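Comments concern the structure below.
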Amino acid sequence: MSASASSFLDAPRVLGVAVPTPLRRLFDYLPGPETPTGGWQPGLRVQVALGRRSVVGIVIECRATSEVALDRLKPIEACLDGSPLPADWLWLTRFTARYYQHPLGDTLQQALPVLLRQGRPLEPRTLERWRLSAQGQATQAADLGRARRQAELLELLRQHPRGLPTAAVTAQQFSRTQLTALHDKGLVDCLEEPRLASEPPRPTALLAEPALNLNREQAAALSTLHDGLDRYHPCLLQGVTGSGKTEVYLQLIEAVIQRGRQALILVPEIGLTPQTLERFRRRFRVPVVALHSGLTDHERLDAWLAAMSGRAPIIIGTRSAIFTPLAAPGVIIVDEEHDGSLKQQEGLRYHARDLAVARAHHHGIPIVLGSATPALESLAQARNGRYTHLRLTQRASRHPPAKLELIDLRGRPRQGGLIPSAIDAIRQTLAAGHQVLVFINRRGFAPTLACHACGWLAECDHCDARMTLHRQPPLLACHHCERQQPLPPACPECKSGDLRPLGAGTERTEESLAALFPEVPVHRIDRDSTRRKDAFGEVLAEIKRGEPSLLVGTQMLAKGHHLPHVTLVVVVNADAGLYASDFRALEHSAQLLTQVAGRAGRAAHPGRVLVQTLHSDDPHLRLLAERGYDALADALLEERRGAALPPFRFLALTRFESAREAEAMGLAKEAGEALREWLAARDNAVTCLGPVPAPMERRQNRYHVQLLLSGAQRSQLHEASAWLVAWLEACRDARRVRWSLDIDPQTL
Ligand code: ADP
Ligand code: ZN
Ligand code: ZN
């Protein structure tokens with residue numbers, strides 16, 4: 001920004017506008033002939049010509065000059081808003097674009113509801129209500145001559161002196177055209193009512209049900225949170241599953257609303273269930289708006305505007321809800337803060353938890369990160385004192401979370417992936433009238449199909465991956481590119497007919513359990529079985545009735561759900577994460593195992609957790625089983641420190657992909673060399689590793705290569721990655737290779 005740049009100029013000569021393009025710069029326009037009522041300001045949406053298109057952009061800078069000659073600039077076509085988008089929203093999106101080095105135009109687009117991107121007015125939608133005017137009341141149906149339907153509509157409205165909303169009119173088979181025709185004739189008035197009451201909540205009527213009496217730990221946590229309500233106060237609320245974190249959130253939110261402020265709650269995709277929402281709506285008498293992928297564009301805009309105007313004191317949403325504007329921010333809560341779905345893995349690769357922390361800091365409000373198994377990043381901040389560490393170690397029910405019992409798979413016969421001792425434990429639990437959860441993190445029938453004559457394995461033609469065998473319906477599917485194929489009648493290599501499933505997935509385990517325990521229902525819960533809307537909810541309702549039953553599921557079942565009648569959890573195979581190449585794999589599998597284990601024994605009866613493994617003497621697994629998540633997390637943190645990995649180093653990953661292997665690798669090498677030269681010349685201590693092929697090099701027939709930047713100082717990493725991005729944007733070869741930058745990558 002030049003020295004002359006200022007948003008205070010009464011009449012700027014140039015507007016720097018962010019437009020929806022992948023280019024990392026603003027486009028300059030001349031202001032139109034009409035000045036908006038409040039003057040030109042950053043945050044106003046404008047309609048501008050971009051090439052041959054007309055697009056919606058957002059004014060970012062109001063300046064006196066441009067680097068382009070003024071007579072070559074186009075004037076804007078129209079200013080869309082009377083007042084700008086909120087300043088705090090603009091701050092957050094600009095921060096996001098800068099931090100993640102993503103084009104501002106695209107960042108703004110992603111942070112706006114679709115309808116606002118398209119230029120809809122920044123006003124709450126209203127409910128139209130149609131009522132006869134005085135003239136209409138004096139008019140007889142016969143006066144309308146041949147307009148028979150209009151006459152009938154007139155009569156309908158005459159029966160409703162308070163008027164009817166549009167939906168009620170169209171429900172009677174009248175059209176909007178007929179309504180507007182009467183309106184144009186002056187016979188009908190159109191009244192507009194806002195969709196959400198604009199009454200501010202009255203604290204006396206805030207609670208719809210009484211709050212629970214907190215236990216000692218909950219009360220201590222809440223009291224610490226109460227003390228920090230008026231400042232930036234980052235807290236890690238670490239509480240074992242079922243320890244009542246949600247109850248602490250609810251009581252904290254109550255205090256926030258009582259001060260006339262708003263609460264923004266982020267939950268993982270899997271956590272925003274009707275049950276979660278129901279819990280918030282049951283407690284409070286104020287509007288609770290939910291932002292999730294199931295909303296229509298109109299509903300999303302309504303929710304966004306309700307948050308922006310302050311009409312909605314409670315906003316709950318998944319990752320992208322972090323971009324909701326708030327009139328009076330009071331607290332941000334990130335539930336299950338370790339969850340992977342909080343990070344967007346494509347396009348604008350942001351982490352909603354990290355943005356939430358930045359946003360809370362900007363507003364000067366508290367932020368609560370809640371989890372039973374905090375991310376190592378958050379735990380490190382709690383250990384070094386930057387975050388207040390609040391702990392809940394007791395469950396509300398009597399029973400502490402069950403310990404993991406490791407059972408060795410080696411040399412034991414398996415049925416649907418389960419060994420005899422696990423099957424015995426299942427039998428006993430069912431006989432006692434309880435429920436069993438069998439956790440297996442692979443959907444489908446078996447991880448792959450194998451030829452027993454020659455060793456052939458079904459592989460995807462387009463990816464470096466095996467194809468999963470499905471039985472319902474029977475086919476081979478690649479879970480990486482979604483390609484499907486019919487089952488081969490014989491081995492494509494040796495023509496043998498001896499093809500067999502290798503390993504077990506949810507379908508196979510379900511089938512074996514159904515055969516072993518024909519007298520109890522078996523519910524399978526994975527992405528395939530719950531594709532139909534409501535299917536998941538129906539099964540959960542069935543499970544909560546409490547009849548003895550078997551649940552077979554993937555991580556969909558492992559997280560968040562309160563399954564009071566489950567007393568035994570069996571983990572079919574704990575080994576996937578133990579020896580994976582990704583540096584976070586162990587952390588993630590420890591979190592998942594702990595979450596799954598937390599499903600057992602949450603109500604009246606104690607729980608048991610059996611973990612099948614081929615590596616029962618693995619030191620990490622044993623540490624987790626014997627001393628719990630915290631002990632393992634501390635050990636992992638020490639390993640990360642030794643290996644110079646996050647949270648002790650900062651990383652940025654540049655990914656390259658192309659249909660031609662040599663092209664992706666060629667550009668990555670060139671970029672790496674250029675960057676190393678620049679780093680050396682600038683005395684920048686960032687190291688550049690690679691390029692190396694990505695862990696699954698070929699996906700959908702495209703080759704993936706990556707270059708890793710690692711730095712001890714964020715500022716140096718930022719400078720280096722900014723330089724690299726600029727180099728790639730300017731590089732001609734880069735046009736044939738798709739590349740992207742991932743700041744703080746979750747996977748390498
Ligand atoms: P978390 O969010 O930590 O998993 P929840 O808040 O869902 O835990 O609480 C688990 C269960 O314990 C819920 O059924 C909740 O109603 C109950 N609960 C929480 N706090 C209390 C309390 N102080 N007294 C009684 N029951 C409680
Ligand atoms: Zn074969
Ligand atoms: Zn594939």
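Every chain in the structure tokens takes a letter, A first, then B, and so on in the order presented; its residues are numbered from 1, and the ligands are numbered from 1 following the presented order.
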Who sits within 12 Å of Gly294 (chain A), only C-alpha atoms, same chain under 4 positions skipped, as a ChimeraX atom specification | /A:269,272-274,290,298-300,317-318,533
Based on the selection just made, write C-alpha atoms of those residues as an mmCIF file, in the first residue's frame.
```
data_model
loop_
_atom_site.group_PDB
_atom_site.id
_atom_site.type_symbol
_atom_site.label_atom_id
_atom_site.label_comp_id
_atom_site.auth_asym_id
_atom_site.auth_seq_id
_atom_site.Cartn_x
_atom_site.Cartn_y
_atom_site.Cartn_z
ATOM 1 C CA GLU A 269 -18.372 -32.370 10.395
ATOM 2 C CA LEU A 272 -22.997 -31.392 13.919
ATOM 3 C CA THR A 273 -25.818 -33.839 14.406
ATOM 4 C CA PRO A 274 -29.436 -33.020 15.123
ATOM 5 C CA ALA A 290 -26.601 -23.832 12.449
ATOM 6 C CA HIS A 298 -31.126 -18.961 1.129
ATOM 7 C CA GLU A 299 -30.941 -20.579 4.539
ATOM 8 C CA ARG A 300 -27.203 -19.997 4.617
ATOM 9 C CA GLY A 317 -21.172 -24.625 12.436
ATOM 10 C CA THR A 318 -18.540 -26.729 10.813
ATOM 11 C CA LYS A 533 -30.480 -39.200 4.324
#
```
Would you give me, as JSON lines, each residue of chain A having an atom within 10 Å of an atom of ligand 3, along with its shortest atom pair and that distance in Å to one decimal, using only C-alpha atoms and all ligand atoms and sorting by chain and residue number?
```
{"residue": "A:Glu459", "atom": "CA", "partner": "ligand 3", "partner_atom_place_in_ligand_line": "1 (Zn)", "distance": 8.1}
{"residue": "A:Cys460", "atom": "CA", "partner": "ligand 3", "partner_atom_place_in_ligand_line": "1 (Zn)", "distance": 4.8}
{"residue": "A:Asp461", "atom": "CA", "partner": "ligand 3", "partner_atom_place_in_ligand_line": "1 (Zn)", "distance": 6.6}
{"residue": "A:His462", "atom": "CA", "partner": "ligand 3", "partner_atom_place_in_ligand_line": "1 (Zn)", "distance": 4.8}
{"residue": "A:Cys463", "atom": "CA", "partner": "ligand 3", "partner_atom_place_in_ligand_line": "1 (Zn)", "distance": 4.3}
{"residue": "A:Asp464", "atom": "CA", "partner": "ligand 3", "partner_atom_place_in_ligand_line": "1 (Zn)", "distance": 7.3}
{"residue": "A:Ala465", "atom": "CA", "partner": "ligand 3", "partner_atom_place_in_ligand_line": "1 (Zn)", "distance": 6.5}
{"residue": "A:Arg466", "atom": "CA", "partner": "ligand 3", "partner_atom_place_in_ligand_line": "1 (Zn)", "distance": 7.9}
{"residue": "A:Met467", "atom": "CA", "partner": "ligand 3", "partner_atom_place_in_ligand_line": "1 (Zn)", "distance": 7.4}
{"residue": "A:Ala477", "atom": "CA", "partner": "ligand 3", "partner_atom_place_in_ligand_line": "1 (Zn)", "distance": 7.9}
{"residue": "A:Cys478", "atom": "CA", "partner": "ligand 3", "partner_atom_place_in_ligand_line": "1 (Zn)", "distance": 4.6}
{"residue": "A:His479", "atom": "CA", "partner": "ligand 3", "partner_atom_place_in_ligand_line": "1 (Zn)", "distance": 6.6}
{"residue": "A:His480", "atom": "CA", "partner": "ligand 3", "partner_atom_place_in_ligand_line": "1 (Zn)", "distance": 5.0}
{"residue": "A:Cys481", "atom": "CA", "partner": "ligand 3", "partner_atom_place_in_ligand_line": "1 (Zn)", "distance": 4.1}
{"residue": "A:Glu482", "atom": "CA", "partner": "ligand 3", "partner_atom_place_in_ligand_line": "1 (Zn)", "distance": 6.3}
{"residue": "A:Arg483", "atom": "CA", "partner": "ligand 3", "partner_atom_place_in_ligand_line": "1 (Zn)", "distance": 5.9}
{"residue": "A:Gln484", "atom": "CA", "partner": "ligand 3", "partner_atom_place_in_ligand_line": "1 (Zn)", "distance": 8.7}
{"residue": "A:Arg698", "atom": "CA", "partner": "ligand 3", "partner_atom_place_in_ligand_line": "1 (Zn)", "distance": 8.7}
{"residue": "A:Arg699", "atom": "CA", "partner": "ligand 3", "partner_atom_place_in_ligand_line": "1 (Zn)", "distance": 6.2}
{"residue": "A:Gln700", "atom": "CA", "partner": "ligand 3", "partner_atom_place_in_ligand_line": "1 (Zn)", "distance": 5.6}
{"residue": "A:Asn701", "atom": "CA", "partner": "ligand 3", "partner_atom_place_in_ligand_line": "1 (Zn)", "distance": 8.0}
```
Produce as a PDB file with N, CA and C atoms, in the first residue's frame the set of residues near ligand 1, where near means within 9 Å with only C-alpha atoms and all ligand atoms considered.
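That gives us out06.pdb:
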```
ATOM      1  N   ALA A 211     -29.813 -25.355  34.198  1.00  0.00           N
ATOM      2  CA  ALA A 211     -28.474 -25.898  33.991  1.00  0.00           C
ATOM      3  C   ALA A 211     -28.230 -27.012  35.002  1.00  0.00           C
ATOM      4  N   LEU A 212     -27.300 -27.937  34.666  1.00  0.00           N
ATOM      5  CA  LEU A 212     -26.976 -29.016  35.608  1.00  0.00           C
ATOM      6  C   LEU A 212     -26.091 -28.458  36.722  1.00  0.00           C
ATOM      7  N   ASN A 213     -26.111 -29.145  37.869  1.00  0.00           N
ATOM      8  CA  ASN A 213     -25.159 -28.797  38.923  1.00  0.00           C
ATOM      9  C   ASN A 213     -23.804 -29.338  38.521  1.00  0.00           C
ATOM     10  N   LEU A 214     -22.832 -28.464  38.429  1.00  0.00           N
ATOM     11  CA  LEU A 214     -21.520 -28.900  37.960  1.00  0.00           C
ATOM     12  C   LEU A 214     -20.785 -29.676  39.048  1.00  0.00           C
ATOM     13  N   ASN A 215     -19.961 -30.619  38.616  1.00  0.00           N
ATOM     14  CA  ASN A 215     -19.091 -31.261  39.607  1.00  0.00           C
ATOM     15  C   ASN A 215     -17.913 -30.321  39.883  1.00  0.00           C
ATOM     16  N   ARG A 216     -17.049 -30.725  40.822  1.00  0.00           N
ATOM     17  CA  ARG A 216     -15.998 -29.816  41.284  1.00  0.00           C
ATOM     18  C   ARG A 216     -15.095 -29.346  40.127  1.00  0.00           C
ATOM     19  N   GLN A 218     -15.687 -29.346  36.835  1.00  0.00           N
ATOM     20  CA  GLN A 218     -16.420 -28.501  35.880  1.00  0.00           C
ATOM     21  C   GLN A 218     -16.561 -27.085  36.440  1.00  0.00           C
ATOM     22  N   ALA A 219     -16.898 -27.007  37.724  1.00  0.00           N
ATOM     23  CA  ALA A 219     -17.102 -25.697  38.342  1.00  0.00           C
ATOM     24  C   ALA A 219     -15.802 -24.893  38.332  1.00  0.00           C
ATOM     25  N   GLN A 238      -9.328 -29.871  28.386  1.00  0.00           N
ATOM     26  CA  GLN A 238      -9.084 -31.283  28.109  1.00  0.00           C
ATOM     27  C   GLN A 238      -9.888 -32.109  29.079  1.00  0.00           C
ATOM     28  N   GLY A 239     -10.845 -32.844  28.550  1.00  0.00           N
ATOM     29  CA  GLY A 239     -11.696 -33.643  29.418  1.00  0.00           C
ATOM     30  C   GLY A 239     -11.956 -34.983  28.785  1.00  0.00           C
ATOM     31  N   VAL A 240     -11.818 -36.043  29.563  1.00  0.00           N
ATOM     32  CA  VAL A 240     -12.052 -37.378  29.013  1.00  0.00           C
ATOM     33  C   VAL A 240     -13.456 -37.439  28.425  1.00  0.00           C
ATOM     34  N   THR A 241     -13.672 -38.337  27.488  1.00  0.00           N
ATOM     35  CA  THR A 241     -14.992 -38.434  26.863  1.00  0.00           C
ATOM     36  C   THR A 241     -16.045 -38.665  27.941  1.00  0.00           C
ATOM     37  N   GLY A 242     -17.104 -37.884  27.853  1.00  0.00           N
ATOM     38  CA  GLY A 242     -18.185 -38.043  28.820  1.00  0.00           C
ATOM     39  C   GLY A 242     -17.956 -37.282  30.116  1.00  0.00           C
ATOM     40  N   SER A 243     -16.955 -36.400  30.162  1.00  0.00           N
ATOM     41  CA  SER A 243     -16.664 -35.686  31.405  1.00  0.00           C
ATOM     42  C   SER A 243     -17.489 -34.409  31.542  1.00  0.00           C
ATOM     43  N   GLY A 244     -18.303 -34.104  30.542  1.00  0.00           N
ATOM     44  CA  GLY A 244     -19.186 -32.945  30.675  1.00  0.00           C
ATOM     45  C   GLY A 244     -18.598 -31.645  30.137  1.00  0.00           C
ATOM     46  N   LYS A 245     -17.800 -31.736  29.081  1.00  0.00           N
ATOM     47  CA  LYS A 245     -17.277 -30.519  28.457  1.00  0.00           C
ATOM     48  C   LYS A 245     -18.428 -29.683  27.894  1.00  0.00           C
ATOM     49  N   THR A 246     -19.384 -30.368  27.244  1.00  0.00           N
ATOM     50  CA  THR A 246     -20.489 -29.648  26.624  1.00  0.00           C
ATOM     51  C   THR A 246     -21.283 -28.856  27.663  1.00  0.00           C
ATOM     52  N   GLU A 247     -21.440 -29.438  28.844  1.00  0.00           N
ATOM     53  CA  GLU A 247     -22.166 -28.718  29.902  1.00  0.00           C
ATOM     54  C   GLU A 247     -21.395 -27.447  30.303  1.00  0.00           C
ATOM     55  N   VAL A 248     -20.083 -27.519  30.298  1.00  0.00           N
ATOM     56  CA  VAL A 248     -19.271 -26.329  30.595  1.00  0.00           C
ATOM     57  C   VAL A 248     -19.469 -25.285  29.485  1.00  0.00           C
ATOM     58  N   TYR A 249     -19.464 -25.739  28.227  1.00  0.00           N
ATOM     59  CA  TYR A 249     -19.705 -24.791  27.133  1.00  0.00           C
ATOM     60  C   TYR A 249     -21.046 -24.088  27.331  1.00  0.00           C
ATOM     61  N   LEU A 250     -22.076 -24.892  27.632  1.00  0.00           N
ATOM     62  CA  LEU A 250     -23.433 -24.338  27.728  1.00  0.00           C
ATOM     63  C   LEU A 250     -23.499 -23.254  28.801  1.00  0.00           C
ATOM     64  N   ASP A 335     -14.949 -27.319  19.425  1.00  0.00           N
ATOM     65  CA  ASP A 335     -15.117 -28.619  20.058  1.00  0.00           C
ATOM     66  C   ASP A 335     -14.383 -29.668  19.243  1.00  0.00           C
ATOM     67  N   GLY A 370     -11.699 -27.522  22.996  1.00  0.00           N
ATOM     68  CA  GLY A 370     -12.103 -28.666  23.807  1.00  0.00           C
ATOM     69  C   GLY A 370     -11.756 -29.981  23.143  1.00  0.00           C
ATOM     70  N   SER A 371     -11.272 -30.937  23.928  1.00  0.00           N
ATOM     71  CA  SER A 371     -10.967 -32.259  23.376  1.00  0.00           C
ATOM     72  C   SER A 371     -10.625 -33.227  24.494  1.00  0.00           C
ATOM     73  N   ALA A 372     -10.858 -34.512  24.231  1.00  0.00           N
ATOM     74  CA  ALA A 372     -10.357 -35.536  25.138  1.00  0.00           C
ATOM     75  C   ALA A 372      -8.921 -35.867  24.763  1.00  0.00           C
ATOM     76  N   LEU A 392     -10.729 -31.977  32.928  1.00  0.00           N
ATOM     77  CA  LEU A 392     -11.841 -32.715  33.520  1.00  0.00           C
ATOM     78  C   LEU A 392     -11.440 -34.181  33.468  1.00  0.00           C
ATOM     79  N   ARG A 395     -15.675 -38.688  34.862  1.00  0.00           N
ATOM     80  CA  ARG A 395     -16.879 -38.750  34.057  1.00  0.00           C
ATOM     81  C   ARG A 395     -18.082 -38.417  34.916  1.00  0.00           C
ATOM     82  N   ALA A 396     -19.101 -37.893  34.250  1.00  0.00           N
ATOM     83  CA  ALA A 396     -20.342 -37.611  34.966  1.00  0.00           C
ATOM     84  C   ALA A 396     -20.936 -38.923  35.482  1.00  0.00           C
ATOM     85  N   SER A 397     -20.825 -39.997  34.684  1.00  0.00           N
ATOM     86  CA  SER A 397     -21.277 -41.298  35.175  1.00  0.00           C
ATOM     87  C   SER A 397     -20.179 -41.838  36.091  1.00  0.00           C
ATOM     88  N   GLY A 560     -17.854 -38.697  19.208  1.00  0.00           N
ATOM     89  CA  GLY A 560     -18.950 -37.834  19.649  1.00  0.00           C
ATOM     90  C   GLY A 560     -20.236 -38.489  20.119  1.00  0.00           C
ATOM     91  N   HIS A 561     -20.580 -39.667  19.624  1.00  0.00           N
ATOM     92  CA  HIS A 561     -21.901 -40.170  19.974  1.00  0.00           C
ATOM     93  C   HIS A 561     -21.926 -40.783  21.362  1.00  0.00           C
ATOM     94  N   HIS A 562     -22.996 -40.490  22.044  1.00  0.00           N
ATOM     95  CA  HIS A 562     -23.199 -41.047  23.370  1.00  0.00           C
ATOM     96  C   HIS A 562     -23.997 -42.323  23.173  1.00  0.00           C
ATOM     97  N   PRO A 564     -25.115 -45.122  25.327  1.00  0.00           N
ATOM     98  CA  PRO A 564     -25.115 -45.497  26.751  1.00  0.00           C
ATOM     99  C   PRO A 564     -25.100 -47.004  27.014  1.00  0.00           C
ATOM    100  N   GLY A 598     -13.581 -44.492  24.325  1.00  0.00           N
ATOM    101  CA  GLY A 598     -14.474 -43.656  25.118  1.00  0.00           C
ATOM    102  C   GLY A 598     -15.949 -43.962  24.906  1.00  0.00           C
ATOM    103  N   ARG A 602     -20.361 -45.708  29.171  1.00  0.00           N
ATOM    104  CA  ARG A 602     -20.636 -44.312  29.506  1.00  0.00           C
ATOM    105  C   ARG A 602     -21.814 -44.150  30.460  1.00  0.00           C
ATOM    106  N   ALA A 603     -22.553 -45.207  30.676  1.00  0.00           N
ATOM    107  CA  ALA A 603     -23.704 -45.037  31.562  1.00  0.00           C
ATOM    108  C   ALA A 603     -23.584 -45.915  32.801  1.00  0.00           C
TER     109      ALA A 603
END
```
Would you mind writing down, as a ChimeraX atom specification, each residue of region 327-459 of chain A that DSSP on the backbone assigns to strand (DSSP E)?
-> /A:329-335,366-371,388-392,404-408,435-439,448-451
Neighbours of ligand 2 within 7 Å, counting only C-alpha atoms and all ligand atoms, as a VMD selection string?
-> chain A and resid 451 to 456 491 to 496
One decimal, Å: what's the distance from CA of Pro33 (chain A) over to CA of Leu50 (chain A), could you say?
->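 Taking CA of Pro33 (chain A) as the start and CA of Leu50 (chain A) as the end point, the length is 18.9 Å.
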What are the DSSP helix (DSSP H, G or I) residues of region 143-250 of chain A, as a PyMOL selection string?
-> chain A and resi 143-144+148-158+166-170+176-184+203-205+216-227+245-250
Would you kindly return, as a PyMOL selection string, each protein, DNA or RNA residue with an atom no farther than 7 Å from any atom of Ala328 (chain A), considering only C-alpha atoms and excluding same-chain residues fewer than 5 positions away?
-> chain A and resi 261-262+310
Env of Tyr350 (chain A): 9 Å cut, atoms = only C-alpha atoms, seq-sep filter 3 positions within chain, self excluded. Answer as a compact mmCIF listing (two decimals) with C-alpha atoms, in the first residue's frame.
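Now in result_19.txt:
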```
# COMPACT_ATOMS: atom_id res chain seq x y z
CA THR A 96 -6.43 -15.63 6.12
CA TYR A 99 -1.32 -16.24 6.38
CA TYR A 100 -2.14 -19.01 3.92
CA LEU A 342 -11.32 -28.58 10.82
CA LYS A 343 -8.61 -28.32 8.19
CA GLN A 344 -9.64 -27.69 4.58
CA GLN A 345 -7.51 -29.87 2.33
CA GLU A 346 -7.99 -28.18 -1.01
CA GLY A 347 -8.17 -24.71 -2.51
CA ARG A 353 -8.93 -23.91 14.81
CA ASP A 354 -5.90 -21.77 14.08
CA LEU A 355 -8.05 -19.05 12.51
CA ASP A 742 -0.14 -25.77 2.08
CA ILE A 743 0.90 -23.78 5.15
CA ASP A 744 0.95 -25.94 8.33
```
Set the distance at 7 Å and use only C-alpha atoms: which residues neighbour Thr373 (chain A) once local chain neighbours fewer than 4 positions away are removed? I'd like the list as a tab-separated table (two decimals) with N, CA and C atoms, in the first residue's frame.
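Saved to around20.tsv:
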```tsv
chain	number	residue	atom	x	y	z
A	338	HIS	N	-8.99	-31.35	17.90
A	338	HIS	CA	-7.96	-32.15	17.23
A	338	HIS	C	-8.48	-32.73	15.91
A	591	GLN	N	-5.41	-40.76	18.95
A	591	GLN	CA	-6.65	-40.00	19.19
A	591	GLN	C	-7.87	-40.85	18.86
A	629	TYR	N	-3.45	-41.42	26.90
A	629	TYR	CA	-3.14	-40.49	25.81
A	629	TYR	C	-2.09	-39.45	26.21
```
Can you work out which one of A:Ala151, A:Ala87, A:Cys62, A:Ala576 has the shortest atom-to-atom distance to His363 (chain A), counting only C-alpha atoms?
-> A:Ala87
Grab the CA of Gly642 (chain A) to CA of Ser710 (chain A) distance for me, in Å with one decimal place.
->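 That distance, rounded to one decimal, is 14.4 Å.
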Quick one: pull the distance between CA of Leu502 (chain A) and CA of Asn441 (chain A), Å, one decimal.
-> 15.1 Å
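Closest to His160 (chain A) among A:Leu132, A:Leu348, A:Val552, A:Val19 is A:Leu132, based on only C-alpha atoms.
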Within 12 Å of Gly271 (chain A), counting only C-alpha atoms, which residues qualify if same-chain residues fewer than 4 places away don't, as a list in words?
->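 Counting only the stated atoms, we get Ile265, Leu266, Val267, Gln275, Thr276, Leu277, His292, Ile316, Gly317, Thr318, Arg319, Val334, Asp335, Glu336, Glu337, Asp339, Ser341, Leu342, Gln555, Met556, Leu557, Ala558, Lys559, Gly560, His561 and His562 of chain A.
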Save the residues we just selected, C-alpha atoms, as a short mmCIF file (atom, residue, chain, number, x, y, z; two decimals), in the first residue's frame?
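Heads up, here's the output in result_35.cif:
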```cif
data_model
loop_
_atom_site.label_atom_id
_atom_site.label_comp_id
_atom_site.auth_asym_id
_atom_site.auth_seq_id
_atom_site.Cartn_x
_atom_site.Cartn_y
_atom_site.Cartn_z
CA ILE A 265 -19.11 -22.81 18.23
CA LEU A 266 -17.16 -24.87 15.71
CA VAL A 267 -17.70 -28.61 15.63
CA GLN A 275 -28.73 -34.30 18.67
CA THR A 276 -26.00 -31.70 19.22
CA LEU A 277 -28.17 -28.88 17.94
CA HIS A 292 -23.55 -26.75 7.69
CA ILE A 316 -22.91 -23.46 15.55
CA GLY A 317 -21.17 -24.63 12.44
CA THR A 318 -18.54 -26.73 10.81
CA ARG A 319 -15.16 -25.43 9.64
CA VAL A 334 -13.81 -25.21 19.06
CA ASP A 335 -15.12 -28.62 20.06
CA GLU A 336 -13.01 -31.70 19.24
CA GLU A 337 -10.25 -29.29 18.32
CA ASP A 339 -10.38 -33.26 14.52
CA SER A 341 -12.19 -32.01 9.40
CA LEU A 342 -11.32 -28.58 10.82
CA GLN A 555 -14.87 -43.73 12.70
CA MET A 556 -18.34 -42.37 11.99
CA LEU A 557 -19.35 -44.23 15.14
CA ALA A 558 -16.17 -43.58 17.05
CA LYS A 559 -16.63 -39.90 17.56
CA GLY A 560 -18.95 -37.83 19.65
CA HIS A 561 -21.90 -40.17 19.97
CA HIS A 562 -23.20 -41.05 23.37
#
```
Long-range neighbours of His620 (chain A) as a list in words, 12 Å cut-off, only C-alpha atoms, 6 positions minimum in chain | Ala574, Asp575, Gly577, Leu578, Tyr579, Ala585, Leu586, Glu587, Ser589, Ala590, Glu626, Arg627, Gly628, Tyr629, Asp630, Ala631, Leu632, Ala633, Asp634, Ala635, Leu636 and Glu639 of chain A
Output for the residues just chosen: C-alpha atoms as a JSON list (two decimals), in the first residue's frame:
```
[["chain", "number", "residue", "atom", "x", "y", "z"],
["A", 574, "ALA", "CA", -4.94, -51.04, 15.64],
["A", 575, "ASP", "CA", -1.91, -51.28, 13.39],
["A", 577, "GLY", "CA", -1.18, -45.87, 12.09],
["A", 578, "LEU", "CA", 1.76, -47.48, 13.88],
["A", 579, "TYR", "CA", 4.23, -47.66, 11.03],
["A", 585, "ALA", "CA", -0.06, -40.91, 11.88],
["A", 586, "LEU", "CA", 0.69, -42.06, 15.43],
["A", 587, "GLU", "CA", -0.91, -38.98, 16.96],
["A", 589, "SER", "CA", -4.36, -43.19, 15.60],
["A", 590, "ALA", "CA", -3.86, -42.60, 19.33],
["A", 626, "GLU", "CA", -0.82, -48.61, 30.02],
["A", 627, "ARG", "CA", -0.54, -44.90, 30.73],
["A", 628, "GLY", "CA", -3.04, -43.21, 28.46],
["A", 629, "TYR", "CA", -3.14, -40.49, 25.81],
["A", 630, "ASP", "CA", -1.28, -37.85, 27.82],
["A", 631, "ALA", "CA", 1.74, -40.05, 28.43],
["A", 632, "LEU", "CA", 1.92, -40.99, 24.76],
["A", 633, "ALA", "CA", 1.43, -37.38, 23.70],
["A", 634, "ASP", "CA", 4.34, -36.30, 25.89],
["A", 635, "ALA", "CA", 6.55, -38.97, 24.38],
["A", 636, "LEU", "CA", 5.51, -37.96, 20.86],
["A", 639, "GLU", "CA", 10.20, -37.20, 19.47]]
```
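For the residues A:Gln428, A:Ser721, A:Gln415, A:Thr567, ranking by smallest atom-to-atom distance to His102 (chain A) using only C-alpha atoms places A:Ser721 first.
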Residue nearest Leu679 (chain A) among A:Ala644, A:Leu724, A:Ala181, A:Ala255 (counting only C-alpha atoms) =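 Among the listed residues, the smallest separation from Leu679 (chain A) belongs to A:Leu724.
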Which is closest to Ala664 (chain A) among A:Val705, A:Ala306, A:Val56, A:Val169, if we use only C-alpha atoms?
->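 Ranked by minimum distance to Ala664 (chain A), first place goes to A:Val705.
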